[in-house]
$ cat work04.cif   # mmCIF, C-alpha atoms
data_work
loop_
_atom_site.label_atom_id
_atom_site.label_comp_id
_atom_site.auth_asym_id
_atom_site.auth_seq_id
_atom_site.Cartn_x
_atom_site.Cartn_y
_atom_site.Cartn_z
CA MET A 168 -6.68 -48.89 -75.86
CA ALA A 169 -5.84 -50.90 -78.97
CA LEU A 170 -2.13 -51.70 -79.02
CA LEU A 171 -0.70 -53.14 -82.24
CA HIS A 172 2.24 -55.55 -82.07
CA GLN A 173 4.73 -56.43 -84.78
CA PHE A 174 7.35 -59.20 -84.78
CA ARG A 175 9.96 -59.50 -87.53
CA MET A 176 11.97 -62.70 -87.94
CA GLU A 177 14.92 -62.48 -90.30
CA LYS A 178 18.35 -64.14 -90.36
CA ARG A 179 17.93 -65.74 -86.93
CA THR A 180 17.01 -62.37 -85.43
CA VAL A 181 13.64 -61.30 -83.98
CA THR A 182 12.73 -57.63 -83.62
CA TYR A 183 9.62 -56.22 -81.97
CA ARG A 184 7.74 -52.96 -82.10
CA SER A 185 4.32 -51.75 -80.95
CA MET A 186 2.10 -48.75 -81.52
CA PHE A 187 -1.22 -47.55 -80.13
CA LEU A 188 -3.92 -47.43 -82.78
CA GLN A 189 -4.57 -43.83 -83.73
CA SER A 190 -8.35 -44.02 -83.60
CA ASP A 191 -10.73 -41.08 -83.19
CA ARG A 192 -10.54 -41.77 -79.44
CA ILE A 193 -7.02 -40.28 -79.43
CA VAL A 194 -6.33 -36.67 -80.44
CA HIS A 195 -2.78 -35.32 -80.18
CA ASN A 196 -1.82 -38.35 -78.04
CA GLN A 197 -4.62 -37.60 -75.58
CA ILE A 198 -7.58 -39.89 -74.83
CA VAL A 199 -10.66 -37.77 -75.56
CA VAL A 200 -13.42 -40.37 -74.92
CA SER A 201 -13.79 -42.42 -71.73
CA GLU A 202 -14.09 -46.17 -72.24
CA PHE A 203 -13.54 -49.32 -70.21
CA GLY A 204 -10.38 -48.88 -68.15
CA THR A 205 -9.55 -45.43 -69.56
CA LEU A 206 -10.57 -41.91 -68.56
CA ALA A 207 -10.77 -39.07 -71.06
CA VAL A 208 -8.80 -35.88 -70.60
CA PRO A 209 -11.16 -32.85 -70.33
CA ASP A 210 -11.17 -30.70 -73.44
CA PRO A 211 -9.45 -27.43 -72.41
CA CYS A 212 -11.15 -25.61 -75.29
CA LYS A 213 -14.66 -26.08 -73.87
CA ASN A 214 -16.18 -23.45 -71.62
CA ILE A 215 -18.26 -24.28 -68.52
CA PHE A 216 -21.55 -24.34 -70.45
CA GLU A 217 -20.15 -26.66 -73.16
CA CYS A 218 -18.73 -29.03 -70.52
CA PHE A 219 -22.14 -29.13 -68.80
CA MET A 220 -24.05 -29.81 -72.04
CA SER A 221 -21.62 -32.58 -73.03
CA LYS A 222 -22.98 -34.61 -70.08
CA PHE A 223 -26.24 -35.03 -72.01
CA GLU A 224 -24.71 -36.10 -75.32
CA MET A 225 -25.23 -39.69 -76.44
CA PRO A 226 -21.88 -41.53 -76.54
CA ALA A 227 -20.66 -42.36 -80.03
CA ILE A 228 -19.96 -45.96 -81.03
CA THR A 229 -16.29 -46.69 -80.44
CA ASP A 230 -13.79 -47.05 -83.26
CA ASN A 231 -11.16 -48.27 -80.78
CA THR A 232 -10.87 -51.61 -82.60
CA ASN A 233 -8.95 -53.63 -80.03
CA VAL A 234 -9.95 -57.26 -80.63
CA ASN A 235 -8.56 -58.87 -83.79
CA TYR A 236 -6.58 -58.63 -87.01
CA VAL A 237 -8.65 -59.63 -90.05
CA GLN A 238 -8.04 -59.65 -93.80
CA CYS A 239 -10.34 -58.55 -96.63
CA LYS A 240 -9.33 -58.42 -100.30
CA GLY A 241 -5.65 -58.65 -99.37
CA ASP A 242 -5.71 -55.73 -96.92
CA TYR A 243 -5.39 -55.92 -93.14
CA TYR A 244 -7.89 -54.45 -90.71
CA ILE A 245 -8.19 -54.17 -86.94
CA SER A 246 -11.67 -55.17 -85.82
CA THR A 247 -13.95 -55.09 -82.81
CA GLU A 248 -17.63 -55.81 -82.09
CA THR A 249 -19.06 -52.60 -83.53
CA ASN A 250 -19.72 -51.40 -87.07
CA PHE A 251 -16.14 -50.09 -87.40
CA MET A 252 -12.86 -51.56 -88.64
CA ASN A 253 -9.58 -49.70 -89.08
CA LYS A 254 -7.41 -50.46 -92.10
CA VAL A 255 -3.71 -50.51 -91.19
CA ASP A 256 -0.37 -50.69 -92.92
CA ILE A 257 1.22 -53.83 -91.46
CA GLU A 258 4.71 -52.50 -92.22
CA THR A 259 4.37 -49.20 -90.32
CA LEU A 260 1.37 -50.09 -88.08
CA GLU A 261 -0.19 -46.78 -89.11
CA LYS A 262 -3.94 -46.50 -89.52
CA THR A 263 -4.78 -45.60 -93.12
CA GLU A 264 -8.60 -45.62 -93.19
CA LYS A 265 -11.67 -46.16 -91.02
CA VAL A 266 -14.29 -48.49 -92.54
CA GLU A 267 -17.93 -48.85 -91.47
CA TRP A 268 -19.81 -52.09 -92.14
CA ASN A 269 -23.17 -50.31 -92.22
CA LYS A 270 -22.11 -48.18 -95.18
CA PHE A 271 -21.72 -51.27 -97.35
CA THR A 272 -24.42 -53.61 -96.05
CA ALA A 273 -27.53 -53.46 -93.87
CA VAL A 274 -26.10 -54.27 -90.44
CA ASN A 275 -25.76 -52.24 -87.24
CA GLY A 276 -22.69 -54.09 -85.99
CA ALA A 277 -20.52 -57.12 -86.70
CA THR A 278 -18.28 -59.61 -84.93
CA ALA A 279 -14.51 -59.25 -84.78
CA CYS A 280 -13.80 -62.80 -85.96
CA LEU A 281 -14.08 -63.47 -89.70
CA HIS A 282 -13.82 -66.78 -91.56
CA TYR A 283 -12.40 -67.34 -95.05
CA ASP A 284 -12.78 -69.56 -98.09
CA PRO A 285 -9.57 -70.80 -99.77
CA ASP A 286 -10.00 -68.16 -102.51
CA GLY A 287 -10.01 -65.31 -99.95
CA THR A 288 -13.78 -64.78 -99.73
CA ALA A 289 -14.51 -63.49 -96.21
CA TYR A 290 -17.57 -64.17 -94.05
CA ASN A 291 -18.78 -62.37 -90.95
CA MET A 292 -21.87 -62.24 -88.72
CA GLY A 293 -23.67 -58.96 -88.11
CA ASN A 294 -26.87 -57.85 -86.43
CA SER A 295 -29.67 -55.54 -87.50
CA TYR A 296 -33.08 -54.25 -86.56
CA GLY A 297 -35.57 -55.28 -89.21
CA ALA A 298 -38.97 -54.00 -90.28
CA ARG A 299 -41.53 -53.38 -87.59
CA GLU A 300 -44.44 -55.69 -86.87
CA ARG A 301 -47.69 -54.45 -88.43
CA ILE A 302 -49.84 -54.73 -85.30
CA PHE A 303 -47.67 -54.09 -82.26
CA HIS A 304 -44.94 -52.04 -83.97
CA PHE A 305 -42.12 -53.97 -82.30
CA PRO A 306 -38.73 -53.97 -84.02
CA SER A 307 -37.46 -57.39 -85.07
CA PHE A 308 -33.85 -58.31 -84.36
CA CYS A 309 -31.88 -60.38 -86.89
CA TYR A 310 -28.49 -62.05 -87.07
CA ASN A 311 -26.99 -61.72 -90.55
CA VAL A 312 -24.36 -63.67 -92.47
CA ILE A 313 -22.16 -61.21 -94.38
CA TRP A 314 -20.26 -62.18 -97.55
CA VAL A 315 -17.27 -60.11 -98.74
CA PRO A 316 -15.86 -60.80 -102.24
CA PRO A 317 -12.22 -61.93 -102.43
CA GLU A 318 -10.89 -59.47 -104.99
CA LYS A 319 -10.93 -55.75 -105.66
CA VAL A 320 -12.49 -54.19 -108.72
CA ASP A 321 -10.76 -50.89 -107.96
CA LEU A 322 -7.51 -50.35 -106.05
CA GLY A 323 -9.18 -47.92 -103.65
CA GLU A 324 -11.78 -50.44 -102.50
CA THR A 325 -12.20 -51.65 -98.92
CA ILE A 326 -15.16 -53.99 -98.26
CA HIS A 327 -17.11 -52.83 -101.31
CA GLY A 328 -19.51 -55.47 -102.57
CA ALA A 329 -20.26 -56.88 -99.10
CA GLN A 330 -23.72 -58.47 -98.95
CA VAL A 331 -26.04 -60.06 -96.41
CA ILE A 332 -26.61 -63.57 -97.77
CA ARG A 333 -28.72 -64.98 -94.95
CA SER A 334 -30.70 -63.55 -92.02
CA ILE A 335 -31.74 -65.44 -88.88
CA ALA A 336 -34.56 -63.96 -86.80
CA SER A 337 -33.99 -63.74 -83.07
CA ALA A 338 -36.05 -66.30 -81.13
CA GLU A 339 -37.22 -63.46 -78.85
CA LYS A 340 -37.68 -60.22 -80.75
CA MET A 341 -36.76 -57.91 -77.87
CA LYS A 342 -34.07 -60.13 -76.36
CA PRO A 343 -31.17 -60.64 -78.79
CA SER A 344 -28.36 -63.00 -77.89
CA ASN A 345 -24.76 -62.02 -77.29
CA ASN A 346 -22.77 -63.10 -80.35
CA HIS A 347 -18.97 -62.95 -80.15
CA SER A 348 -18.06 -65.54 -82.77
CA PHE A 349 -19.46 -68.14 -85.15
CA GLY A 350 -18.28 -71.30 -86.86
CA MET A 351 -17.80 -72.32 -90.48
CA THR A 352 -17.22 -75.64 -92.20
CA ARG A 353 -16.90 -76.46 -95.89
CA ASN A 354 -20.68 -76.35 -96.37
CA TYR A 355 -22.19 -74.70 -93.30
CA ILE A 356 -22.21 -71.54 -91.23
CA ILE A 357 -22.81 -72.37 -87.55
CA PHE A 358 -24.50 -69.73 -85.41
CA ILE A 359 -25.38 -70.34 -81.76
CA GLU A 360 -28.12 -68.26 -80.16
CA GLN A 361 -27.15 -68.61 -76.54
CA PRO A 362 -29.02 -67.74 -73.32
CA LEU A 363 -26.82 -64.73 -72.54
CA LYS A 364 -29.23 -62.11 -73.83
CA MET A 365 -29.88 -58.39 -73.64
CA ASN A 366 -33.30 -57.18 -72.62
CA LEU A 367 -33.90 -54.27 -74.98
CA TRP A 368 -36.73 -53.02 -72.79
CA LYS A 369 -34.40 -52.57 -69.82
CA ILE A 370 -31.08 -52.21 -71.70
CA THR A 371 -29.44 -54.70 -69.38
CA SER A 372 -27.97 -58.19 -69.78
CA LYS A 373 -29.28 -61.22 -67.99
CA ILE A 374 -29.32 -64.99 -68.28
CA GLN A 375 -32.55 -66.50 -69.56
CA GLU A 376 -33.75 -69.97 -68.61
CA LYS A 377 -33.72 -71.48 -72.07
CA ALA A 378 -31.24 -71.89 -74.86
CA PHE A 379 -31.35 -72.31 -78.62
CA SER A 380 -28.62 -73.55 -80.91
CA ASP A 381 -29.33 -72.40 -84.42
CA GLY A 382 -27.26 -72.87 -87.56
CA LEU A 383 -27.69 -72.78 -91.28
CA LEU A 384 -28.63 -76.46 -91.25
CA SER A 385 -31.89 -78.21 -92.04
CA GLY A 386 -33.78 -77.36 -88.88
CA ARG A 387 -33.00 -76.12 -85.37
CA HIS A 388 -30.87 -77.96 -82.83
CA CYS A 389 -31.51 -77.46 -79.09
CA SER A 390 -29.22 -78.19 -76.16
CA LYS A 391 -29.04 -77.60 -72.44
CA PRO A 392 -28.24 -73.94 -71.52
CA PHE A 393 -24.64 -72.75 -71.79
CA VAL A 394 -22.70 -69.56 -72.50
CA THR A 395 -19.93 -69.43 -75.10
CA TYR A 396 -17.70 -66.74 -76.57
CA HIS A 397 -15.17 -68.58 -78.71
CA GLN A 398 -15.81 -71.37 -81.15
CA ILE A 399 -12.56 -73.31 -81.33
CA SER A 400 -13.21 -75.24 -84.52
CA ALA A 401 -15.96 -76.63 -86.74
CA PHE A 402 -15.70 -79.36 -89.36
CA GLU A 403 -17.69 -82.07 -91.11
CA ASP A 404 -17.08 -85.75 -90.43
CA GLN A 405 -19.07 -88.70 -91.78
CA GLY A 406 -22.15 -86.63 -92.52
CA CYS A 407 -22.11 -84.84 -89.15
CA VAL A 408 -21.08 -81.31 -88.18
CA VAL A 409 -18.64 -81.29 -85.25
CA ILE A 410 -18.19 -78.10 -83.18
CA ASP A 411 -15.63 -77.49 -80.43
CA LEU A 412 -16.55 -74.70 -78.02
CA CYS A 413 -15.29 -72.91 -74.93
CA CYS A 414 -18.36 -73.16 -72.67
CA GLN A 415 -19.58 -72.16 -69.24
CA ASP A 416 -22.77 -73.82 -68.10
CA ASN A 417 -23.65 -72.78 -64.53
CA GLY A 418 -24.92 -69.29 -65.44
CA ARG A 419 -22.61 -67.50 -62.99
CA SER A 420 -19.92 -66.21 -65.36
CA LEU A 421 -21.05 -62.57 -65.08
CA GLU A 422 -20.83 -62.60 -61.29
CA VAL A 423 -17.05 -62.25 -61.61
CA TYR A 424 -17.65 -58.69 -62.89
CA HIS A 425 -19.86 -57.51 -60.04
CA LEU A 426 -18.24 -54.47 -58.42
CA GLN A 427 -17.89 -56.13 -55.02
CA ASN A 428 -16.04 -59.03 -56.64
CA LEU A 429 -13.76 -56.84 -58.74
CA ARG A 430 -12.52 -55.24 -55.52
CA LYS A 431 -11.43 -58.56 -54.01
CA ALA A 432 -7.87 -59.89 -53.86
CA GLY A 433 -6.01 -62.91 -52.51
CA GLU A 434 -8.21 -65.67 -51.11
CA GLY A 435 -11.32 -63.61 -51.77
CA LEU A 436 -10.42 -63.45 -55.44
CA ASP A 437 -9.85 -67.22 -55.50
CA GLN A 438 -13.40 -67.70 -54.25
CA VAL A 439 -14.72 -65.45 -57.03
CA ASN A 440 -12.84 -67.44 -59.66
CA MET A 441 -14.66 -70.56 -58.47
CA PHE A 442 -17.77 -69.12 -60.15
CA ASP A 443 -16.15 -69.89 -63.49
CA SER A 444 -16.81 -73.45 -64.62
CA SER A 445 -15.46 -72.96 -68.13
CA GLY A 446 -14.31 -75.89 -70.20
CA THR A 447 -14.20 -77.24 -73.72
CA VAL A 448 -17.22 -79.03 -75.16
CA LYS A 449 -17.61 -81.03 -78.36
CA ILE A 450 -21.04 -80.88 -80.00
CA ILE A 451 -21.98 -83.24 -82.84
CA LEU A 452 -24.94 -82.30 -85.06
CA THR A 453 -26.37 -85.15 -87.09
#
$ encode --input "work04.cif" --output "structure tokens"
Amino acid sequence: MALLHQFRMEKRTVTYRSMFLQSDRIVHNQIVVSEFGTLAVPDPCKNIFECFMSKFEMPAITDNTNVNYVQCKGDYYISTETNFMNKVDIETLEKTEKVEWNKFTAVNGATACLHYDPDGTAYNMGNSYGARERIFHFPSFCYNVIWVPPEKVDLGETIHGAQVIRSIASAEKMKPSNNHSFGMTRNYIIFIEQPLKMNLWKITSKIQEKAFSDGLLSGRHCSKPFVTYHQISAFEDQGCVVIDLCCQDNGRSLEVYHLQNLRKAGEGLDQVNMFDSSGTVKIILT
């Protein structure tokens, strides 16, 4: 569950408060949708037939935005890696409005980590399924750069005016890459299409044997395979783009989450943690 934290520092005193985000996943202080680590409370108003039929319903995309605080047009939002953000009052921590990226621009989802220009213009990366191929009728998967204007035209606005300003086609149409974050410098957006991909035919994740590093630069830059979630920083220096990343390069990072490994403790858990060869890497694009 998304838990909001607030610290106040005033006159050498620090106060703290927290509040669970009142998303659509919570009704009357009860969890009504099962998600990772949480189990829904059965709806007492449903009869036996309705409970049975609910097993065949497609799960809705979560609005339990539990990843990051972001700012758009002077307002604060809680974000996650879906098409939802929740606008909150940072004084009371109350949710005031649910916002959907796909109602303002042509994306199916977006990252939780935005970047900003000095004037408040916000940038995000989203994904979308494009037009179908004429011959084989395969959907094409795209990564999209989203631009959000810095100022409101009307006081009631949220992310109105958001636009896709650049689309990057997936290297493999049916195998999009996991995209948790992206980088931005004064002149460039840096997007990395990594080898942690989802096979849309099988709806399962797996590591491929090749990697692509793609950015909004003149051309495509390739590297040895690695997996990354967080881009620490990106900047320009002497005509080069420098990127600092948290990387894992032995392809075994997902093994930690195998059920037999999650059940381990003590020395067994120490052995599982040896799978993780994470570290920081500096990449220089010339």
$ residues_around --input "work04.cif" --residues "Gln189 (chain A)" --least-positions-apart "4" --cutoff "12 Å" --atoms "all atoms listed in the file" --output "PDB file with C-alpha atoms, in the frame of the given file"
ATOM      1  CA  MET A 168      -6.680 -48.890 -75.860  1.00  0.00           C
ATOM      2  CA  ALA A 169      -5.840 -50.900 -78.970  1.00  0.00           C
ATOM      3  CA  LEU A 170      -2.130 -51.700 -79.020  1.00  0.00           C
ATOM      4  CA  LEU A 171      -0.700 -53.140 -82.240  1.00  0.00           C
ATOM      5  CA  ILE A 193      -7.020 -40.280 -79.430  1.00  0.00           C
ATOM      6  CA  VAL A 194      -6.330 -36.670 -80.440  1.00  0.00           C
ATOM      7  CA  HIS A 195      -2.780 -35.320 -80.180  1.00  0.00           C
ATOM      8  CA  ASN A 196      -1.820 -38.350 -78.040  1.00  0.00           C
ATOM      9  CA  GLN A 197      -4.620 -37.600 -75.580  1.00  0.00           C
ATOM     10  CA  ILE A 198      -7.580 -39.890 -74.830  1.00  0.00           C
ATOM     11  CA  VAL A 199     -10.660 -37.770 -75.560  1.00  0.00           C
ATOM     12  CA  ASP A 230     -13.790 -47.050 -83.260  1.00  0.00           C
ATOM     13  CA  ASN A 231     -11.160 -48.270 -80.780  1.00  0.00           C
ATOM     14  CA  THR A 232     -10.870 -51.610 -82.600  1.00  0.00           C
ATOM     15  CA  ASN A 233      -8.950 -53.630 -80.030  1.00  0.00           C
ATOM     16  CA  ILE A 245      -8.190 -54.170 -86.940  1.00  0.00           C
ATOM     17  CA  ASN A 253      -9.580 -49.700 -89.080  1.00  0.00           C
ATOM     18  CA  LYS A 254      -7.410 -50.460 -92.100  1.00  0.00           C
ATOM     19  CA  VAL A 255      -3.710 -50.510 -91.190  1.00  0.00           C
ATOM     20  CA  LEU A 260       1.370 -50.090 -88.080  1.00  0.00           C
ATOM     21  CA  GLU A 261      -0.190 -46.780 -89.110  1.00  0.00           C
ATOM     22  CA  LYS A 262      -3.940 -46.500 -89.520  1.00  0.00           C
ATOM     23  CA  THR A 263      -4.780 -45.600 -93.120  1.00  0.00           C
ATOM     24  CA  GLU A 264      -8.600 -45.620 -93.190  1.00  0.00           C
ATOM     25  CA  LYS A 265     -11.670 -46.160 -91.020  1.00  0.00           C
TER      26      LYS A 265
END
$ residues_around --input "work04.cif" --residues "Asn345 (chain A)" --least-positions-apart "4" --cutoff "9 Å" --atoms "only C-alpha atoms" --output "ChimeraX atom specification"
/A:360-365,396
$ resolve_selection --input "work04.cif" --expression "the PyMOL selection byres ((chain A and resi 314-316) around 12)" --output "ChimeraX atom specification"
/A:238-241,268,271-273,277,281-284,286-293,311-313,317-320,324-334,356
$ residues_around --input "work04.cif" --residues "Asp411 (chain A)" --least-positions-apart "4" --cutoff "7 Å" --atoms "only C-alpha atoms" --output "ChimeraX atom specification"
/A:398-401,447-450
$ resolve_selection --input "work04.cif" --expression "the PyMOL selection byres ((chain A and resi 341) around 7)" --output "PDB file with C-alpha atoms, in the frame of the given file"
ATOM      1  CA  GLU A 339     -37.220 -63.460 -78.850  1.00  0.00           C
ATOM      2  CA  LYS A 340     -37.680 -60.220 -80.750  1.00  0.00           C
ATOM      3  CA  LYS A 342     -34.070 -60.130 -76.360  1.00  0.00           C
ATOM      4  CA  PRO A 343     -31.170 -60.640 -78.790  1.00  0.00           C
ATOM      5  CA  ASN A 366     -33.300 -57.180 -72.620  1.00  0.00           C
ATOM      6  CA  LEU A 367     -33.900 -54.270 -74.980  1.00  0.00           C
TER       7      LEU A 367
END
$ atom_distance --input "work04.cif" --atom1 "CA of Gln405 (chain A)" --atom2 "CA of Gly350 (chain A)"
18.1 Å
$ atom_distance --input "work04.cif" --atom1 "CA of Asn294 (chain A)" --atom2 "CA of Gly323 (chain A)"
26.6 Å
$ atom_distance --input "work04.cif" --atom1 "CA of Asn354 (chain A)" --atom2 "CA of Ile451 (chain A)"
15.2 Å
$ axis_aligned_box --input "work04.cif" --around "region 245-260 of chain A" --padding-each-side "3 Å" --output "AutoDock Vina command-line options"
--center_x -7.5 --center_y -52.5 --center_z -87.5 --size_x 30.4 --size_y 12.6 --size_z 16.8
$ residues_around --input "work04.cif" --residues "Phe402 (chain A)" --least-positions-apart "3" --cutoff "6 Å" --atoms "only C-alpha atoms" --output "list in words"
Thr352, Val408 and Val409 of chain A
$ closest_residue --input "work04.cif" --among "A:Asp321, A:Glu258, A:Glu403, A:Glu267" --to "Ile357 (chain A)" --atoms "only C-alpha atoms"
A:Glu403
$ resolve_selection --input "work04.cif" --expression "the PyMOL selection byres ((chain A and resi 173-180) around 12)" --output "PyMOL selection string"
chain A and resi 170-172+181-187+236+256-261
